Amino acid sequence: MMAPTHLAHSPPCSWPLVLFLVLFGASEPSNGTEWQVLQPEGPMRVAEGNTLLLQCTVDGSCTDDMMKWVKVSHQHQQEIYNFKHGYFPGVTPMIQGTREPLNCDYSIYIHNVTSKHAGTYHCVGFSDLSEKSEKTLEKGTSVLVKGAGDPEPDLWIIQPQELVLATTGDTVFLNCTVLGDGPPGPIRWFRGAGPSREAIYNFEGISQPNVTAVQASSRDFSILLQDASAERTGTYYCVKFQRKFNRQYLSGPGTRLRVRDLLSVFTLVVLGLKTTTLAALLLALAACQRRFRQEDVKTPGPAGLGPL
């Protein structure tokens, strides 16, 4: 029995397009409706004239809702930034400062901070259909501002890295410097924010495996994450605790870590193709199919069988 001729010629031309569609389809965001807003509790401390980074990420689908930042101070609410519309001088989203695609990231910078920026900041979501249906957090990020004439505070936590990129198997350095003493209590590292945040390292207690302290000086509370994997992706906070009340005293601004394997890097490269590149791929596919059709016309069919 003879095999159908269309199966013999179709695969060679279709593989490039199939590969592109598979990679594109694999990267589509989930359409689920459940999601959770994650932001640090604080308090965070910033000096006047500096830039404040407020971290906010959404765990789950972030395609059906929009986000904005609201500051609450003395029972007064003020919209600080709206990702959907509006003009907010002195405030920019973090995604504009990096070439990396930060999915579901709604962090913002507040530039040239003044004493008026002190307060509690809430990263909230609202439905595209009605901004009145807001989903608010129980706790926001508390911000303390040190004025030029104010006395020096008892503690500063400095996390100079905003975004760290790594690949699977790397050893990742997360920087934290603590200036001052503050109340008695340990320094701890956490991944994520809110009640579900994950304890990573405790300088006075039990820590996760493959995590070690650098301790280059008495003020250095940096850590090393060894054998990084994609599961370690997240935002890491260096936090000071007050032992007497067993509560958080001060938090660093956070460091965003992204760990990718080689396949995800390749996928991002493919998805980064510009429209002209995709058009060239489609043209090449059409030319390939045209060539095979011409060969089918030129190839004579099988000779008829004579009478037995």
# chains A, B, ... in the order shown; residues from 1 in each chain; ligands from 1
call {"tool": "residues_around", "arguments": {"residues": "stretch 55-59 of chain A", "least_positions_apart": "5", "cutoff": "6 Å", "atoms": "only C-alpha atoms", "output": "short mmCIF file (atom, residue, chain, number, x, y, z; two decimals) with C-alpha atoms, in the first residue's frame"}}
result
data_model
loop_
_atom_site.label_atom_id
_atom_site.label_comp_id
_atom_site.auth_asym_id
_atom_site.auth_seq_id
_atom_site.Cartn_x
_atom_site.Cartn_y
_atom_site.Cartn_z
CA TRP A 35 -4.06 36.55 43.01
CA GLN A 36 -2.34 38.06 46.03
CA VAL A 37 -0.56 41.40 46.43
CA LEU A 38 2.79 41.15 48.22
CA GLN A 39 4.58 44.16 49.72
CA CYS A 104 3.39 41.18 37.79
CA ASP A 105 5.78 43.76 39.28
CA TYR A 106 4.25 47.04 40.42
CA SER A 107 7.17 48.49 42.36
#
call {"tool": "residues_around", "arguments": {"residues": "stretch 112-124 of chain A", "least_positions_apart": "3", "cutoff": "8 Å", "atoms": "only C-alpha atoms", "output": "PyMOL selection string"}}
result
chain A and resi 37+39+46-52+56+67-73+90+106+134-137+139-147
call {"tool": "write_last_selection", "arguments": {"atoms": "N, CA and C atoms", "output": "tab-separated table (two decimals), in the first residue's frame"}}
result
chain	number	residue	atom	x	y	z
A	37	VAL	N	-1.51	40.29	46.46
A	37	VAL	CA	-0.56	41.40	46.43
A	37	VAL	C	0.44	41.23	47.56
A	39	GLN	N	3.72	43.00	49.49
A	39	GLN	CA	4.58	44.16	49.72
A	39	GLN	C	5.11	44.08	51.13
A	46	VAL	N	14.27	56.42	54.99
A	46	VAL	CA	14.93	57.08	53.87
A	46	VAL	C	15.22	58.52	54.27
A	47	ALA	N	16.34	59.04	53.78
A	47	ALA	CA	16.71	60.43	54.07
A	47	ALA	C	16.14	61.37	53.02
A	48	GLU	N	15.85	62.58	53.43
A	48	GLU	CA	15.33	63.59	52.50
A	48	GLU	C	16.30	63.78	51.32
A	49	GLY	N	15.73	63.92	50.14
A	49	GLY	CA	16.54	64.12	48.94
A	49	GLY	C	16.91	62.83	48.23
A	50	ASN	N	16.76	61.69	48.90
A	50	ASN	CA	17.09	60.41	48.29
A	50	ASN	C	15.89	59.84	47.53
A	51	THR	N	16.12	58.67	46.90
A	51	THR	CA	15.06	57.98	46.16
A	51	THR	C	14.57	56.79	46.97
A	52	LEU	N	13.27	56.66	47.09
A	52	LEU	CA	12.64	55.58	47.84
A	52	LEU	C	12.12	54.52	46.87
A	56	CYS	N	6.42	45.96	45.22
A	56	CYS	CA	5.09	45.35	45.18
A	56	CYS	C	5.05	44.35	44.04
A	67	MET	N	-3.33	48.18	38.87
A	67	MET	CA	-2.80	48.46	40.20
A	67	MET	C	-2.54	49.94	40.37
A	68	LYS	N	-2.54	50.37	41.62
A	68	LYS	CA	-2.15	51.73	41.95
A	68	LYS	C	-1.59	51.75	43.37
A	69	TRP	N	-0.91	52.84	43.70
A	69	TRP	CA	-0.35	53.05	45.03
A	69	TRP	C	-1.12	54.18	45.72
A	70	VAL	N	-1.44	53.96	47.00
A	70	VAL	CA	-2.14	54.96	47.81
A	70	VAL	C	-1.36	55.16	49.10
A	71	LYS	N	-1.16	56.42	49.48
A	71	LYS	CA	-0.48	56.74	50.74
A	71	LYS	C	-1.52	57.18	51.77
A	72	VAL	N	-1.39	56.61	52.97
A	72	VAL	CA	-2.29	56.96	54.06
A	72	VAL	C	-1.47	57.64	55.15
A	73	SER	N	-1.86	58.86	55.50
A	73	SER	CA	-1.15	59.63	56.53
A	73	SER	C	-2.16	60.51	57.26
A	90	GLY	N	7.62	62.92	39.75
A	90	GLY	CA	8.51	62.45	40.80
A	90	GLY	C	8.34	60.99	41.14
A	106	TYR	N	4.82	45.70	40.36
A	106	TYR	CA	4.25	47.04	40.42
A	106	TYR	C	5.01	47.91	41.41
A	134	GLU	N	-12.05	48.08	44.91
A	134	GLU	CA	-10.65	47.95	45.24
A	134	GLU	C	-10.43	46.77	46.18
A	135	LYS	N	-9.27	46.13	46.00
A	135	LYS	CA	-8.86	45.04	46.88
A	135	LYS	C	-7.68	45.56	47.70
A	136	THR	N	-7.91	45.94	48.93
A	136	THR	CA	-6.90	46.59	49.72
A	136	THR	C	-6.17	45.59	50.60
A	137	LEU	N	-4.98	46.00	50.99
A	137	LEU	CA	-4.20	45.17	51.91
A	137	LEU	C	-4.55	45.53	53.35
A	139	LYS	N	-2.25	45.48	55.69
A	139	LYS	CA	-1.10	46.27	56.11
A	139	LYS	C	-0.37	46.81	54.89
A	140	GLY	N	0.12	48.03	55.00
A	140	GLY	CA	0.92	48.61	53.94
A	140	GLY	C	2.38	48.67	54.34
A	141	THR	N	3.15	49.43	53.59
A	141	THR	CA	4.57	49.63	53.87
A	141	THR	C	4.75	50.97	54.57
A	142	SER	N	5.19	50.93	55.82
A	142	SER	CA	5.40	52.14	56.60
A	142	SER	C	6.75	52.76	56.22
A	143	VAL	N	6.77	54.08	55.98
A	143	VAL	CA	7.98	54.78	55.56
A	143	VAL	C	8.29	55.91	56.54
A	144	LEU	N	9.53	55.93	57.04
A	144	LEU	CA	10.03	56.99	57.92
A	144	LEU	C	11.01	57.84	57.13
A	145	VAL	N	10.89	59.15	57.25
A	145	VAL	CA	11.76	60.08	56.52
A	145	VAL	C	12.60	60.87	57.51
A	146	LYS	N	13.91	60.86	57.31
A	146	LYS	CA	14.82	61.64	58.15
A	146	LYS	C	15.09	62.98	57.49
A	147	GLY	N	14.69	64.06	58.16
A	147	GLY	CA	14.94	65.40	57.65
A	147	GLY	C	16.38	65.84	57.87
call {"tool": "residues_around", "arguments": {"residues": "A:Gly252", "least_positions_apart": "6", "cutoff": "9 Å", "atoms": "only C-alpha atoms", "output": "number ranges by chain"}}
result
A: 42-45, 156-159, 176, 237-240
call {"tool": "atom_distance", "arguments": {"atom1": "atom CA of A:Leu163", "atom2": "atom CA of A:Pro183"}}
result
29.5 Å
call {"tool": "select_by_dssp", "arguments": {"residues": "stretch 88-187 of chain A", "states": "helix (DSSP H, G or I)", "output": "PyMOL selection string"}}
result
chain A and resi 94-97+115-117
call {"tool": "write_last_selection", "arguments": {"atoms": "all heavy atoms", "output": "PDB file, in the first residue's frame"}}
result
ATOM      1  N   MET A  94       9.266  50.804  38.540  1.00  0.00           N
ATOM      2  CA  MET A  94      10.560  50.135  38.497  1.00  0.00           C
ATOM      3  C   MET A  94      10.813  49.492  37.136  1.00  0.00           C
ATOM      4  O   MET A  94      11.949  49.406  36.692  1.00  0.00           O
ATOM      5  CB  MET A  94      10.634  49.084  39.601  1.00  0.00           C
ATOM      6  CG  MET A  94      11.968  48.343  39.673  1.00  0.00           C
ATOM      7  SD  MET A  94      11.986  47.120  40.999  1.00  0.00           S
ATOM      8  CE  MET A  94      13.622  46.416  40.791  1.00  0.00           C
ATOM      9  N   ILE A  95       9.759  49.035  36.445  1.00  0.00           N
ATOM     10  CA  ILE A  95       9.924  48.329  35.180  1.00  0.00           C
ATOM     11  C   ILE A  95      10.548  49.212  34.115  1.00  0.00           C
ATOM     12  O   ILE A  95      11.079  48.710  33.125  1.00  0.00           O
ATOM     13  CB  ILE A  95       8.590  47.768  34.672  1.00  0.00           C
ATOM     14  CG1 ILE A  95       7.546  48.880  34.559  1.00  0.00           C
ATOM     15  CG2 ILE A  95       8.086  46.655  35.571  1.00  0.00           C
ATOM     16  CD1 ILE A  95       6.237  48.418  33.966  1.00  0.00           C
ATOM     17  N   GLN A  96      10.498  50.548  34.283  1.00  0.00           N
ATOM     18  CA  GLN A  96      11.136  51.444  33.318  1.00  0.00           C
ATOM     19  C   GLN A  96      12.643  51.505  33.505  1.00  0.00           C
ATOM     20  O   GLN A  96      13.355  51.930  32.613  1.00  0.00           O
ATOM     21  CB  GLN A  96      10.551  52.864  33.440  1.00  0.00           C
ATOM     22  CG  GLN A  96       9.121  52.976  32.960  1.00  0.00           C
ATOM     23  CD  GLN A  96       8.616  54.401  33.006  1.00  0.00           C
ATOM     24  OE1 GLN A  96       9.328  55.323  33.405  1.00  0.00           O
ATOM     25  NE2 GLN A  96       7.378  54.602  32.578  1.00  0.00           N
ATOM     26  N   GLY A  97      13.133  51.048  34.653  1.00  0.00           N
ATOM     27  CA  GLY A  97      14.558  51.134  34.942  1.00  0.00           C
ATOM     28  C   GLY A  97      15.329  49.875  34.636  1.00  0.00           C
ATOM     29  O   GLY A  97      16.518  49.795  34.937  1.00  0.00           O
ATOM     30  N   SER A 115       9.882  65.318  53.738  1.00  0.00           N
ATOM     31  CA  SER A 115       9.191  64.882  54.945  1.00  0.00           C
ATOM     32  C   SER A 115       7.717  64.582  54.677  1.00  0.00           C
ATOM     33  O   SER A 115       7.087  63.817  55.401  1.00  0.00           O
ATOM     34  CB  SER A 115       9.311  65.954  56.033  1.00  0.00           C
ATOM     35  OG  SER A 115       8.769  67.193  55.575  1.00  0.00           O
ATOM     36  N   LYS A 116       7.163  65.155  53.605  1.00  0.00           N
ATOM     37  CA  LYS A 116       5.760  64.924  53.272  1.00  0.00           C
ATOM     38  C   LYS A 116       5.511  63.492  52.787  1.00  0.00           C
ATOM     39  O   LYS A 116       4.362  63.057  52.728  1.00  0.00           O
ATOM     40  CB  LYS A 116       5.307  65.912  52.203  1.00  0.00           C
ATOM     41  CG  LYS A 116       5.313  67.361  52.650  1.00  0.00           C
ATOM     42  CD  LYS A 116       4.830  68.278  51.542  1.00  0.00           C
ATOM     43  CE  LYS A 116       4.832  69.745  51.990  1.00  0.00           C
ATOM     44  NZ  LYS A 116       4.356  70.643  50.909  1.00  0.00           N
ATOM     45  N   HIS A 117       6.570  62.789  52.442  1.00  0.00           N
ATOM     46  CA  HIS A 117       6.416  61.425  51.954  1.00  0.00           C
ATOM     47  C   HIS A 117       6.323  60.396  53.082  1.00  0.00           C
ATOM     48  O   HIS A 117       6.149  59.203  52.812  1.00  0.00           O
ATOM     49  CB  HIS A 117       7.578  61.059  51.026  1.00  0.00           C
ATOM     50  CG  HIS A 117       7.525  61.773  49.709  1.00  0.00           C
ATOM     51  ND1 HIS A 117       8.395  62.786  49.355  1.00  0.00           N
ATOM     52  CD2 HIS A 117       6.696  61.603  48.642  1.00  0.00           C
ATOM     53  CE1 HIS A 117       8.113  63.215  48.143  1.00  0.00           C
ATOM     54  NE2 HIS A 117       7.082  62.517  47.684  1.00  0.00           N
TER      55      HIS A 117
END
call {"tool": "select_by_dssp", "arguments": {"residues": "stretch 175-230 of chain A", "states": "strand (DSSP E or B)", "output": "list in words"}}
result
Thr177, Val178, Leu179, Gly180, Ile187, Arg188, Trp189, Phe190, Arg191, Glu198, Ala199, Ile200, Tyr201, Asn202, Val211, Thr212, Ala213, Asp220, Ile223, Leu224 and Leu225 of chain A
call {"tool": "atom_distance", "arguments": {"atom1": "atom CA of A:Arg232", "atom2": "atom CA of A:Ser217"}}
result
26.2 Å
call {"tool": "closest_residue", "arguments": {"among": "A:Tyr201, A:Phe221, A:Tyr87, A:Tyr81", "to": "A:Thr177", "atoms": "only C-alpha atoms"}}
result
A:Phe221
call {"tool": "atom_distance", "arguments": {"atom1": "atom CA of A:Ala166", "atom2": "atom CA of A:Glu204"}}
result
27.8 Å
call {"tool": "residues_around", "arguments": {"residues": "A:Val91", "least_positions_apart": "6", "cutoff": "8 Å", "atoms": "only C-alpha atoms", "output": "ChimeraX atom specification"}}
result
/A:80-81,108-111
